[in-house]
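Source file: data12.pdb. Holds: PDB, C-alpha atoms.
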```pdb
ATOM      1  CA  MET Z   1       1.160 -34.528   8.338
ATOM      2  CA  PRO Z   2       2.684 -32.553   5.487
ATOM      3  CA  LYS Z   3       0.536 -32.537   2.361
ATOM      4  CA  LEU Z   4       0.921 -31.176  -1.160
ATOM      5  CA  VAL Z   5      -1.887 -28.871  -2.244
ATOM      6  CA  ARG Z   6      -2.568 -26.830  -5.363
ATOM      7  CA  VAL Z   7      -2.640 -23.130  -4.514
ATOM      8  CA  GLU Z   8      -3.467 -20.131  -6.691
ATOM      9  CA  ILE Z   9      -0.805 -17.426  -6.510
ATOM     10  CA  ARG Z  10      -1.721 -13.873  -7.588
ATOM     11  CA  TYR Z  11       0.806 -11.186  -8.503
ATOM     12  CA  TYR Z  12       0.693  -7.381  -8.430
ATOM     13  CA  ALA Z  13       2.565  -4.335  -9.710
ATOM     14  CA  GLN Z  14       6.265  -4.866 -10.446
ATOM     15  CA  LEU Z  15       6.149  -8.576  -9.707
ATOM     16  CA  ARG Z  16       3.278  -9.151 -12.139
ATOM     17  CA  GLU Z  17       5.084  -7.193 -14.845
ATOM     18  CA  ASP Z  18       8.486  -8.794 -14.278
ATOM     19  CA  LEU Z  19       6.952 -12.272 -14.345
ATOM     20  CA  ARG Z  20       4.497 -11.383 -17.154
ATOM     21  CA  LEU Z  21       1.986 -13.295 -15.115
ATOM     22  CA  SER Z  22      -0.988 -12.137 -13.057
ATOM     23  CA  ASN Z  23      -1.641 -15.513 -11.477
ATOM     24  CA  GLU Z  24      -0.606 -19.148 -11.575
ATOM     25  CA  GLU Z  25      -1.300 -22.410  -9.783
ATOM     26  CA  ILE Z  26       1.548 -24.116  -7.953
ATOM     27  CA  GLU Z  27       1.954 -27.137  -5.695
ATOM     28  CA  LEU Z  28       2.796 -26.121  -2.188
ATOM     29  CA  GLU Z  29       3.654 -28.220   0.829
ATOM     30  CA  LEU Z  30       1.513 -27.436   3.851
ATOM     31  CA  PRO Z  31       1.712 -26.550   6.674
ATOM     32  CA  ALA Z  32       3.815 -23.554   5.666
ATOM     33  CA  THR Z  33       4.750 -20.083   6.897
ATOM     34  CA  GLU Z  34       4.879 -16.881   4.850
ATOM     35  CA  GLU Z  35       8.631 -17.400   4.583
ATOM     36  CA  ASP Z  36       8.174 -20.964   3.254
ATOM     37  CA  ILE Z  37       5.727 -19.751   0.605
ATOM     38  CA  LEU Z  38       7.962 -16.893  -0.588
ATOM     39  CA  ASN Z  39      11.039 -19.142  -0.610
ATOM     40  CA  ARG Z  40       9.174 -21.677  -2.747
ATOM     41  CA  LEU Z  41       8.158 -18.956  -5.208
ATOM     42  CA  ALA Z  42      11.702 -17.581  -5.295
ATOM     43  CA  GLN Z  43      12.887 -21.098  -6.202
ATOM     44  CA  LEU Z  44      10.314 -21.351  -8.984
ATOM     45  CA  HIS Z  45      11.246 -17.910 -10.369
ATOM     46  CA  PRO Z  46      14.949 -17.471  -9.605
ATOM     47  CA  LYS Z  47      15.264 -14.273 -11.687
ATOM     48  CA  GLN Z  48      12.761 -12.581  -9.373
ATOM     49  CA  ALA Z  49      14.084 -14.212  -6.196
ATOM     50  CA  ALA Z  50      15.185 -10.948  -4.563
ATOM     51  CA  LEU Z  51      11.811  -9.364  -5.218
ATOM     52  CA  PHE Z  52       9.964 -12.367  -3.760
ATOM     53  CA  LEU Z  53      12.110 -12.286  -0.657
ATOM     54  CA  ALA Z  54      11.271  -8.584  -0.179
ATOM     55  CA  SER Z  55       7.528  -9.267  -0.640
ATOM     56  CA  ARG Z  56       4.731 -10.092   1.798
ATOM     57  CA  ALA Z  57       2.096 -12.785   1.422
ATOM     58  CA  ALA Z  58      -1.580 -12.050   1.999
ATOM     59  CA  VAL Z  59      -4.499 -14.431   2.377
ATOM     60  CA  GLU Z  60      -8.097 -13.238   2.124
ATOM     61  CA  ASP Z  61      -6.937  -9.605   2.140
ATOM     62  CA  GLU Z  62      -4.856  -9.925   5.318
ATOM     63  CA  TYR Z  63      -1.069 -10.078   5.525
ATOM     64  CA  LEU Z  64       0.075 -13.413   6.914
ATOM     65  CA  PRO Z  65       1.654 -12.623  10.260
ATOM     66  CA  ARG Z  66       5.350 -13.530  10.135
ATOM     67  CA  GLY Z  67       6.011 -16.978  11.585
ATOM     68  CA  THR Z  68       2.349 -18.051  11.580
ATOM     69  CA  VAL Z  69       1.907 -21.584  10.304
ATOM     70  CA  VAL Z  70      -0.837 -22.002   7.721
ATOM     71  CA  GLN Z  71      -2.542 -25.399   7.664
ATOM     72  CA  ASP Z  72      -4.864 -24.859   4.735
ATOM     73  CA  LEU Z  73      -4.712 -22.527   1.772
ATOM     74  CA  ARG Z  74      -6.390 -21.949  -1.574
ATOM     75  CA  ALA Z  75      -4.985 -18.645  -2.789
ATOM     76  CA  VAL Z  76      -2.152 -16.305  -1.883
ATOM     77  CA  ASP Z  77      -1.653 -12.681  -2.958
ATOM     78  CA  VAL Z  78       2.018 -11.789  -3.260
ATOM     79  CA  ILE Z  79       2.493  -8.138  -2.280
ATOM     80  CA  PRO Z  80       5.791  -6.696  -3.573
ATOM     81  CA  PRO Z  81       7.328  -3.774  -1.603
ATOM     82  CA  VAL Z  82       4.665  -1.084  -1.328
ATOM     83  CA  SER Z  83       5.054   2.568  -2.294
ATOM     84  CA  GLY Z  84       1.803   4.330  -1.430
ATOM     85  CA  GLY Z  85       1.376   7.911  -0.301
TER
ATOM     86  CA  MET K   1     -16.205   9.798   4.379
ATOM     87  CA  GLU K   2     -13.312   8.788   6.715
ATOM     88  CA  SER K   3     -11.193   7.104   3.976
ATOM     89  CA  PHE K   4     -11.501   6.438   0.260
ATOM     90  CA  PHE K   5      -9.594   5.680  -2.943
ATOM     91  CA  THR K   6     -10.498   7.492  -6.141
ATOM     92  CA  ASP K   7      -9.560   7.898  -9.806
ATOM     93  CA  SER K   8     -10.626  11.565  -9.673
ATOM     94  CA  PRO K   9      -8.613  14.576  -8.475
ATOM     95  CA  LEU K  10      -8.600  15.055  -4.690
ATOM     96  CA  ASP K  11     -10.032  18.303  -3.347
ATOM     97  CA  HIS K  12      -8.184  19.804  -0.380
ATOM     98  CA  GLU K  13     -11.092  22.035   0.641
ATOM     99  CA  THR K  14     -13.671  19.225   0.637
ATOM    100  CA  LEU K  15     -11.513  17.079   2.892
ATOM    101  CA  ARG K  16     -10.780  19.993   5.210
ATOM    102  CA  ARG K  17     -14.485  20.801   5.554
ATOM    103  CA  SER K  18     -15.369  17.201   6.285
ATOM    104  CA  VAL K  19     -13.320  17.253   9.517
ATOM    105  CA  GLU K  20     -14.460  20.646  10.835
ATOM    106  CA  ASP K  21     -15.746  20.370  14.371
ATOM    107  CA  ASP K  22     -16.932  22.833  17.027
ATOM    108  CA  ALA K  23     -14.587  21.232  19.549
ATOM    109  CA  ALA K  24     -11.525  21.502  17.288
ATOM    110  CA  GLY K  25      -8.689  23.838  18.155
ATOM    111  CA  ALA K  26      -6.691  22.482  15.218
ATOM    112  CA  VAL K  27      -7.522  21.326  11.710
ATOM    113  CA  LEU K  28      -4.496  19.942   9.922
ATOM    114  CA  VAL K  29      -4.578  18.992   6.249
ATOM    115  CA  PHE K  30      -1.575  17.223   4.742
ATOM    116  CA  ASP K  31      -1.261  17.034   0.952
ATOM    117  CA  GLY K  32       1.215  14.511  -0.427
ATOM    118  CA  THR K  33       2.040  15.741  -3.928
ATOM    119  CA  VAL K  34       3.824  14.559  -7.064
ATOM    120  CA  ARG K  35       7.370  15.924  -7.216
ATOM    121  CA  ASN K  36       9.726  15.957 -10.181
ATOM    122  CA  HIS K  37      12.412  13.748  -8.640
ATOM    123  CA  SER K  38      12.908  10.694  -6.450
ATOM    124  CA  GLU K  39      15.852   8.693  -5.145
ATOM    125  CA  GLY K  40      18.199   8.638  -8.124
ATOM    126  CA  HIS K  41      15.648   9.952 -10.633
ATOM    127  CA  THR K  42      14.844  13.358 -12.126
ATOM    128  CA  GLY K  43      12.386  14.519 -14.767
ATOM    129  CA  ILE K  44       9.306  12.824 -13.292
ATOM    130  CA  VAL K  45       6.126  14.276 -14.827
ATOM    131  CA  ALA K  46       3.504  12.027 -13.248
ATOM    132  CA  LEU K  47       2.924   9.044 -10.991
ATOM    133  CA  GLU K  48       0.642   6.145 -11.753
ATOM    134  CA  TYR K  49      -0.911   4.315  -8.818
ATOM    135  CA  GLU K  50      -2.006   0.710  -8.591
ATOM    136  CA  VAL K  51      -4.129  -0.123  -5.551
ATOM    137  CA  LYS K  52      -5.209  -3.572  -4.429
ATOM    138  CA  LEU K  53      -8.844  -3.186  -3.417
ATOM    139  CA  PRO K  54     -10.599  -3.987  -1.171
ATOM    140  CA  MET K  55      -7.489  -4.912   0.829
ATOM    141  CA  ALA K  56      -6.107  -1.344   0.835
ATOM    142  CA  ASP K  57      -9.478   0.072   1.898
ATOM    143  CA  LYS K  58      -9.752  -2.329   4.810
ATOM    144  CA  LEU K  59      -6.178  -1.708   5.857
ATOM    145  CA  VAL K  60      -6.459   2.078   5.826
ATOM    146  CA  ALA K  61      -9.741   1.858   7.779
ATOM    147  CA  ARG K  62      -7.963  -0.278  10.376
ATOM    148  CA  ILE K  63      -5.023   2.153  10.570
ATOM    149  CA  LEU K  64      -7.447   5.010  11.260
ATOM    150  CA  GLU K  65      -9.236   2.961  13.925
ATOM    151  CA  GLU K  66      -5.937   2.164  15.633
ATOM    152  CA  VAL K  67      -4.707   5.760  15.469
ATOM    153  CA  ARG K  68      -7.984   6.860  17.091
ATOM    154  CA  THR K  69      -7.413   4.521  20.024
ATOM    155  CA  GLU K  70      -3.898   5.935  20.545
ATOM    156  CA  ILE K  71      -4.446   9.642  19.910
ATOM    157  CA  PRO K  72      -7.528  11.671  20.890
ATOM    158  CA  VAL K  73      -8.643  13.235  17.615
ATOM    159  CA  LEU K  74     -12.101  14.444  16.615
ATOM    160  CA  LYS K  75     -12.437  13.617  12.927
ATOM    161  CA  ILE K  76     -10.216  12.086  10.249
ATOM    162  CA  ALA K  77     -10.593  12.066   6.465
ATOM    163  CA  VAL K  78      -8.141  10.376   4.106
ATOM    164  CA  GLY K  79      -8.331  10.383   0.318
ATOM    165  CA  HIS K  80      -5.799   8.510  -1.824
ATOM    166  CA  ARG K  81      -5.501   8.562  -5.591
ATOM    167  CA  MET K  82      -5.514   5.679  -8.012
ATOM    168  CA  GLY K  83      -4.418   5.928 -11.630
ATOM    169  CA  ARG K  84      -2.317   8.721 -13.116
ATOM    170  CA  VAL K  85      -1.528  11.870 -11.106
ATOM    171  CA  SER K  86       0.380  14.808 -12.653
ATOM    172  CA  LEU K  87       3.185  16.935 -11.247
ATOM    173  CA  ARG K  88       2.166  19.098  -8.239
ATOM    174  CA  GLU K  89      -1.205  17.366  -7.872
ATOM    175  CA  PRO K  90      -2.102  15.697  -4.567
ATOM    176  CA  THR K  91      -1.733  11.914  -4.417
ATOM    177  CA  VAL K  92      -2.967  11.649  -0.848
ATOM    178  CA  ILE K  93      -4.723  14.080   1.491
ATOM    179  CA  ILE K  94      -4.995  13.502   5.226
ATOM    180  CA  ALA K  95      -7.267  15.835   7.183
ATOM    181  CA  VAL K  96      -7.399  15.626  10.980
ATOM    182  CA  SER K  97      -9.199  17.740  13.542
ATOM    183  CA  ALA K  98      -8.366  17.656  17.224
ATOM    184  CA  ALA K  99      -8.839  19.763  20.342
ATOM    185  CA  HIS K 100      -5.109  20.596  20.293
ATOM    186  CA  ARG K 101      -2.481  20.859  17.566
ATOM    187  CA  ASP K 102      -0.173  18.243  19.069
ATOM    188  CA  GLU K 103      -2.755  15.474  18.609
ATOM    189  CA  ALA K 104      -3.484  16.599  15.051
ATOM    190  CA  TYR K 105       0.211  16.600  14.075
ATOM    191  CA  ARG K 106       0.912  13.238  15.711
ATOM    192  CA  ALA K 107      -2.140  11.543  14.194
ATOM    193  CA  SER K 108      -1.463  12.917  10.709
ATOM    194  CA  ARG K 109       2.159  11.782  10.829
ATOM    195  CA  LYS K 110       1.268   8.331  12.076
ATOM    196  CA  ILE K 111      -1.402   7.853   9.409
ATOM    197  CA  ILE K 112       0.852   8.781   6.462
ATOM    198  CA  ASP K 113       3.749   6.696   7.811
ATOM    199  CA  ARG K 114       1.571   3.622   8.255
ATOM    200  CA  ILE K 115      -0.092   4.000   4.843
ATOM    201  CA  LYS K 116       3.333   4.219   3.193
ATOM    202  CA  HIS K 117       4.626   1.140   4.977
ATOM    203  CA  GLU K 118       1.587  -1.115   5.038
ATOM    204  CA  ALA K 119      -1.073  -0.412   2.416
ATOM    205  CA  PRO K 120      -0.966  -2.495  -0.796
ATOM    206  CA  ILE K 121      -0.396   0.499  -3.061
ATOM    207  CA  TRP K 122       2.294   0.822  -5.724
ATOM    208  CA  LYS K 123       3.409   3.731  -7.854
ATOM    209  CA  ARG K 124       5.166   3.959 -11.148
ATOM    210  CA  GLU K 125       7.227   7.032 -11.999
ATOM    211  CA  ILE K 126       6.487   8.468 -15.448
ATOM    212  CA  PHE K 127       9.269  10.472 -17.112
ATOM    213  CA  ALA K 128       9.055  13.256 -19.697
ATOM    214  CA  ASP K 129      10.257  10.959 -22.507
ATOM    215  CA  GLY K 130       7.360   8.577 -21.848
ATOM    216  CA  THR K 131       9.391   5.865 -20.140
ATOM    217  CA  SER K 132       8.439   4.716 -16.653
ATOM    218  CA  GLU K 133       9.757   2.772 -13.702
ATOM    219  CA  TRP K 134       8.259   1.279 -10.531
ATOM    220  CA  SER K 135       9.090   3.351  -7.481
ATOM    221  CA  LEU K 136      11.317   1.695  -4.917
ATOM    222  CA  GLY K 137       8.905   2.935  -2.268
ATOM    223  CA  CYS K 138       9.642   3.723   1.308
ATOM    224  CA  THR K 139      12.327   1.070   1.673
ATOM    225  CA  ALA K 140      14.480   3.369  -0.460
ATOM    226  CA  CYS K 141      13.508   6.790   0.846
ATOM    227  CA  LYS K 142      14.042   6.422   4.610
TER
END
```
Show me this structure written as structure tokens.
Amino acid sequence: MPKLVRVEIRYYAQLREDLRLSNEEIELELPATEEDILNRLAQLHPKQAALFLASRAAVEDEYLPRGTVVQDLRAVDVIPPVSGG
Amino acid sequence: MESFFTDSPLDHETLRRSVEDDAAGAVLVFDGTVRNHSEGHTGIVALEYEVKLPMADKLVARILEEVRTEIPVLKIAVGHRMGRVSLREPTVIIAVSAAHRDEAYRASRKIIDRIKHEAPIWKREIFADGTSEWSLGCTACK
């Protein structure tokens, strides 16, 4: 059964600076995939949509594998395109 | 030591020594350094790194573990900078020892490629006039 839950979203690097926001709480419909989560965030912040769609979502310090359906969720880290090395 | 992130300058010699091994026929040390230009930009004087810890630490440790299962190397040491790094200074050092050079080259290459693509690390380019911009990262420099 789909359910609406409150989830903490945390931002890093360029995304945090563009949004002027390090974290926020949003309502998210679960179950959801990484793609669902990023699409929802892109909808909420249309100016940063392209950056959200190029980002990855991580939960408890692990990237969400693409296509995996998440049933329960408290916090998501949004990882914009990385540039280490 | 295996892998670490630090705010302090990286020392090439220390990392090289940490992978020395009696069975090694090759010790390869790769320094990634700050250059004065990037895709579409010139006049870079420094880079500033943001690292999401402990996620980046765990991820790099896993990369090293996986590289070890694929390529027979003896020892690996990886140091990566956080914070501001000036022109010519190393931002990342990867030291690998192996019985033969081929394994050392392959492992070193695989480690830097995977760090660049996977680790939650971001850099900002700092220009001489004090302005700065987030790097487009490896999506732009392929």
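Distance check against Ala46 of chain K using all atoms listed in the file: of K:Glu89, K:Glu20, K:Glu13, K:Glu118, the minimum falls on K:Glu89.
This file, queried with the PyMOL selection byres ((chain K and resi 36) around 9), gives the residues Val34, Arg35, His37, Ser38, His41, Thr42, Gly43, Ile44, Val45, Ala46, Leu87, Arg88 and Phe127 of chain K.
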Please produce a file of those selected residues containing C-alpha atoms, as a short mmCIF file (atom, residue, chain, number, x, y, z; two decimals), keeping the file's coordinate frame.
```cif
data_model
loop_
_atom_site.label_atom_id
_atom_site.label_comp_id
_atom_site.auth_asym_id
_atom_site.auth_seq_id
_atom_site.Cartn_x
_atom_site.Cartn_y
_atom_site.Cartn_z
CA VAL K 34 3.82 14.56 -7.06
CA ARG K 35 7.37 15.92 -7.22
CA HIS K 37 12.41 13.75 -8.64
CA SER K 38 12.91 10.69 -6.45
CA HIS K 41 15.65 9.95 -10.63
CA THR K 42 14.84 13.36 -12.13
CA GLY K 43 12.39 14.52 -14.77
CA ILE K 44 9.31 12.82 -13.29
CA VAL K 45 6.13 14.28 -14.83
CA ALA K 46 3.50 12.03 -13.25
CA LEU K 87 3.18 16.93 -11.25
CA ARG K 88 2.17 19.10 -8.24
CA PHE K 127 9.27 10.47 -17.11
#
```
Using the chain letters and residue numbers of this document, give as a ChimeraX atom specification the residues selected by the ChimeraX specification (/K :<7) & /Z. /Z:13-14,61,79,81-85
Quick one, how far is atom CA of His12 of chain K from atom CA of Ala95 of chain K?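 If I compute the distance from atom CA of His12 of chain K to atom CA of Ala95 of chain K, I get 8.6 Å.
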For this structure, which residues satisfy the selection - the PyMOL selection byres ((chain Z and resi 44-53) around 10) - when it is evaluated on the file as given? I want them as a list in words.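 With the PyMOL selection byres ((chain Z and resi 44-53) around 10) on this model, the match is Gln14, Leu15, Asp18, Leu19, Ile26, Glu35, Ile37, Leu38, Asn39, Arg40, Leu41, Ala42, Gln43, Ala54, Ser55, Arg56, Ala57, Val78, Ile79, Pro80 and Pro81 of chain Z.
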Name the closest residue to Arg68 of chain K among the candidates K:Asp22, K:Glu48, K:Asp7, K:Glu103; distances are taken between atoms, counting all atoms listed in the file.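 Ranking K:Asp22, K:Glu48, K:Asp7, K:Glu103 by distance to Arg68 of chain K, first place goes to K:Glu103.
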Selected residue, from Z:Arg10, Z:Pro31, Z:Ala58, Z:Asp36, that lies nearest to Gln71 of chain Z when counting all atoms listed in the file: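 Nearest candidate to Gln71 of chain Z out of Z:Arg10, Z:Pro31, Z:Ala58, Z:Asp36: Z:Pro31.
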Once 6 Å is added on each side, what centre and edge lengths in Å to one decimal does the axis-aligned box around all listed atoms of segment 44-52 of chain Z have, as AutoDock Vina command-line options?
```
--center_x 12.6 --center_y -15.4 --center_z -7.7 --size_x 17.3 --size_y 24.0 --size_z 19.9
```
Counting all atoms listed in the file, what is within 9 Å of Ile9 of chain Z, bar same-chain residues fewer than 2 positions away, as a list in words?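 The contact residues come out as Val7, Tyr11, Ser22, Asn23, Glu24, Glu25, Ile26, Arg74, Ala75, Val76, Asp77 and Val78 of chain Z.
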Just give me the gap between atom CA of Leu28 of chain K and atom CA of Ile94 of chain K in Å, one decimal is fine. 8.0 Å
Nearest to Arg6 of chain Z by atom-to-atom distance, counting all atoms listed in the file, from Z:Leu21, Z:Val59, Z:Leu28, Z:Val69: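 Nearest to Arg6 of chain Z: Z:Leu28.
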For segment 28-78 of chain Z in the structure I just supplied, write out C-alpha atoms - as a PDB file, in the first residue's frame.
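Result saved to part_32.pdb:
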```
ATOM      1  CA  LEU Z  28       7.399  11.376   0.037  1.00  0.00           C
ATOM      2  CA  GLU Z  29       5.231   8.571  -1.258  1.00  0.00           C
ATOM      3  CA  LEU Z  30       6.629   5.134  -0.506  1.00  0.00           C
ATOM      4  CA  PRO Z  31       7.508   2.638  -1.845  1.00  0.00           C
ATOM      5  CA  ALA Z  32       9.821   4.591  -4.137  1.00  0.00           C
ATOM      6  CA  THR Z  33      12.957   4.118  -6.229  1.00  0.00           C
ATOM      7  CA  GLU Z  34      15.957   6.446  -6.422  1.00  0.00           C
ATOM      8  CA  GLU Z  35      14.467   7.829  -9.629  1.00  0.00           C
ATOM      9  CA  ASP Z  36      11.112   8.536  -7.918  1.00  0.00           C
ATOM     10  CA  ILE Z  37      12.853  10.391  -5.088  1.00  0.00           C
ATOM     11  CA  LEU Z  38      14.992  12.543  -7.406  1.00  0.00           C
ATOM     12  CA  ASN Z  39      12.015  13.287  -9.668  1.00  0.00           C
ATOM     13  CA  ARG Z  40      10.001  14.423  -6.648  1.00  0.00           C
ATOM     14  CA  LEU Z  41      12.826  16.725  -5.545  1.00  0.00           C
ATOM     15  CA  ALA Z  42      13.223  18.085  -9.073  1.00  0.00           C
ATOM     16  CA  GLN Z  43       9.495  18.920  -9.012  1.00  0.00           C
ATOM     17  CA  LEU Z  44       9.850  20.695  -5.673  1.00  0.00           C
ATOM     18  CA  HIS Z  45      12.888  22.681  -6.878  1.00  0.00           C
ATOM     19  CA  PRO Z  46      12.363  23.186 -10.614  1.00  0.00           C
ATOM     20  CA  LYS Z  47      15.309  25.605 -10.964  1.00  0.00           C
ATOM     21  CA  GLN Z  48      17.659  22.823  -9.861  1.00  0.00           C
ATOM     22  CA  ALA Z  49      15.824  20.067 -11.745  1.00  0.00           C
ATOM     23  CA  ALA Z  50      18.729  19.245 -14.073  1.00  0.00           C
ATOM     24  CA  LEU Z  51      21.123  18.969 -11.155  1.00  0.00           C
ATOM     25  CA  PHE Z  52      18.749  16.674  -9.245  1.00  0.00           C
ATOM     26  CA  LEU Z  53      18.348  14.441 -12.261  1.00  0.00           C
ATOM     27  CA  ALA Z  54      22.152  14.140 -12.538  1.00  0.00           C
ATOM     28  CA  SER Z  55      22.461  13.311  -8.810  1.00  0.00           C
ATOM     29  CA  ARG Z  56      22.464  10.036  -6.881  1.00  0.00           C
ATOM     30  CA  ALA Z  57      20.545   9.252  -3.712  1.00  0.00           C
ATOM     31  CA  ALA Z  58      22.232   7.625  -0.730  1.00  0.00           C
ATOM     32  CA  VAL Z  59      20.710   6.077   2.371  1.00  0.00           C
ATOM     33  CA  GLU Z  60      22.797   5.308   5.452  1.00  0.00           C
ATOM     34  CA  ASP Z  61      25.998   6.068   3.523  1.00  0.00           C
ATOM     35  CA  GLU Z  62      25.230   3.700   0.637  1.00  0.00           C
ATOM     36  CA  TYR Z  63      24.096   4.688  -2.847  1.00  0.00           C
ATOM     37  CA  LEU Z  64      20.617   3.368  -3.562  1.00  0.00           C
ATOM     38  CA  PRO Z  65      21.055   0.807  -6.311  1.00  0.00           C
ATOM     39  CA  ARG Z  66      19.209   1.995  -9.422  1.00  0.00           C
ATOM     40  CA  GLY Z  67      15.748   0.452  -9.690  1.00  0.00           C
ATOM     41  CA  THR Z  68      15.672  -0.826  -6.094  1.00  0.00           C
ATOM     42  CA  VAL Z  69      12.345  -0.161  -4.422  1.00  0.00           C
ATOM     43  CA  VAL Z  70      12.591   1.355  -0.956  1.00  0.00           C
ATOM     44  CA  GLN Z  71       9.759   0.486   1.426  1.00  0.00           C
ATOM     45  CA  ASP Z  72      10.809   2.569   4.397  1.00  0.00           C
ATOM     46  CA  LEU Z  73      12.940   5.669   4.696  1.00  0.00           C
ATOM     47  CA  ARG Z  74      13.847   8.353   7.211  1.00  0.00           C
ATOM     48  CA  ALA Z  75      16.634  10.314   5.550  1.00  0.00           C
ATOM     49  CA  VAL Z  76      18.174  10.622   2.106  1.00  0.00           C
ATOM     50  CA  ASP Z  77      21.510  12.200   1.150  1.00  0.00           C
ATOM     51  CA  VAL Z  78      21.401  13.748  -2.308  1.00  0.00           C
TER      52      VAL Z  78
END
```
